[in-house]
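Chemist: Sending over a structure as structure tokens; questions will come in a sec.
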Amino acid sequence: MSARLAFVIALALPLAAHAADAPTSNDVSLLHCARLLDTATGKLLGESTVIVQSGRIKEVRAGAVDPKPYQQAASAAGGNFSYRDLPDATCLPGLIDAHTHLTMETSPTGYTDQFRWNTADYAIRSVNYARRTLLAGFTSVRNLGDNDNESIALRNAINAGLVPGPRIYTAGKAIGSTGGHADPTDGYRADLAGNPGIKDGIINSPEDGWKAVRQHYKEGVDVIKIMPSGGVLDESASVDNAQMTIEEIKAVVTAAHDYGFTVAAHAHGAEAIRRAVLAGVDSIEHGTFMNDDDMKLMKQHGTWYVPTIIAGKYVAEMAEKPGYYPTQIAAKARQVGPLIQTTAGKAYKAGVKIAFGTDAAVYPHGQNGKEFEYMVQAGMPPLYVLQAATTHNAELLHKQDELGQIAPGRRADVIAVPGNPLDDITAMQRVSFVMKDGVVYEEGGKTTAL
């Protein structure tokens, strides 16, 4: 399935592979930045030059650098050379969104489209969603759930240079219980619903949990996503009830950690959060009804919290549009939407570790940068929210040596925004330059390697 889908995706943008060829070992690029955010130290540096070679950051130097010696060296070695001046711009590491769904997108027809669209339809559309995400400055994402492992094919196509998009760490299908938030047949009539099982991500025992993780490993995922509580956008009654036993969660987490996977837990309800944290998950997603005891537990266990404030705001807004959601879902959206931002602010003040994630697909892809503004409104300092999308997420992904900093040896993922985002966090919604692995995709409001 993955190979066929990768071929279908490749047909969507046949020129992309030629436009975005990876840099050779002799290619050198210089980026001159008016300001540069050192996310590791939290310092905003002044005029800086980033030297990129072979898709990696080779050096970061203060001030402007004479490009001629670098140009001559690249030329002598048979490589290409480029110099880019980014005046009045702040350079930052490529952003990381730790909660996306790149193979789907919100729509008032979404609940009927699933009966008309094939997996290939979702795969083709995902190419556009991935492109929008990359141009918004997000060079890496954690994809936490799809329909039929089409995000695995999308990841493979991007990695092969067939289509442009962020670096994807995907969970494939989410894992949950019969009738729970992960059950793809919620709301179906009986003859269509059938009895989803392990290959569909549905488990009902610790033994099922072990087998589901092994099945995901076989299918080629990067992370594991579980659904231990109800959710907003499925056609069941509860948004917050606990839907997996602690024994089931422990089984999934133990198996996942054996295979080197981290585990993200969708959890709105306080009891589901408690069980997930005690069972050892790596992150709690949404966390709407998180209480003080949950926050204490998360601090004790070092569990990350990914609030997804923009998703809550968007579903609450769409719930007021007649017919956008089924009645049951609109009611849950009104219940959850206004609370996530408040919970995020409380969690920050309580000292819970916070990572950046948006639940992209619940709102239109490419608007991920709004989350920065909402996190600041919740009481988090601008520097902290920028670190949440860089160093924090790199740690969450266990990719600290690859991502999250503009530093020697890291991947050459660099973005720029006008002005100073520490003074105006909304600048993160106006990304003017995007480089991923040394390839420039956005420059001065114009797309390049697409």
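Letters A, B, ... mark the chains of the structure tokens in the order given; residue numbers begin at 1 per chain; ligand numbers begin at 1, in order shown.
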Need the shell around segment 293-303 of chain A: protein/DNA/RNA residues with any atom at most 9 Å away, counting only C-alpha atoms. Skip same-chain ones fewer than 6 positions apart. Format as a list in words?
Modeler: Ala270, Glu271, Ile273, Arg274, Val277, Leu278, Gly280, Val281, Asp282, Ser283, Ile284, Lys346, Ala347, Ala350, Gly351, Val352, Lys353 and Ile354 of chain A
Chemist: Once you count only C-alpha atoms, what closest atom pair and distance in Å to one decimal does each residue of segment 300-321 of chain A within 6 Å of segment 332-339 of chain A have, with rows by chain and rising residue number, as a Markdown table?
Modeler:
| residue | atom | partner | partner_atom | distance |
| --- | --- | --- | --- | --- |
| A:Gly312 | CA | A:Gly337 | CA | 4.0 |
| A:Lys313 | CA | A:Gly337 | CA | 5.2 |
| A:Val315 | CA | A:Ala333 | CA | 5.4 |
| A:Ala316 | CA | A:Gly337 | CA | 4.8 |
Chemist: Quick check, in Å to one decimal: how far apart do atom CA of Tyr83 of chain A and atom CA of Tyr70 of chain A lie?
Modeler: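 Answer for the atom CA of Tyr83 of chain A to atom CA of Tyr70 of chain A separation: 9.7 Å.
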Chemist: Restricting the calculation to only C-alpha atoms, which member of A:Ala361, A:Ile425, A:Val306, A:Ala212 is positioned closest to Ala267 of chain A?
Modeler: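 Ranked by minimum distance to Ala267 of chain A, first place goes to A:Val306.
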Chemist: Set out as JSON lines a contact list for segment 293-380 of chain A and segment 182-202 of chain A with a cut-off of 12 Å, giving each residue of segment 293-380 of chain A that qualifies its closest atom pair and distance in Å to one decimal, counting only C-alpha atoms, ordered by chain and rising residue number.
Modeler:
{"residue": "A:Pro326", "atom": "CA", "partner": "A:Gly187", "partner_atom": "CA", "distance": 10.2}
{"residue": "A:Thr327", "atom": "CA", "partner": "A:Gly187", "partner_atom": "CA", "distance": 12.0}
{"residue": "A:Gln328", "atom": "CA", "partner": "A:Gly187", "partner_atom": "CA", "distance": 10.2}
{"residue": "A:Ile329", "atom": "CA", "partner": "A:Gly187", "partner_atom": "CA", "distance": 11.0}
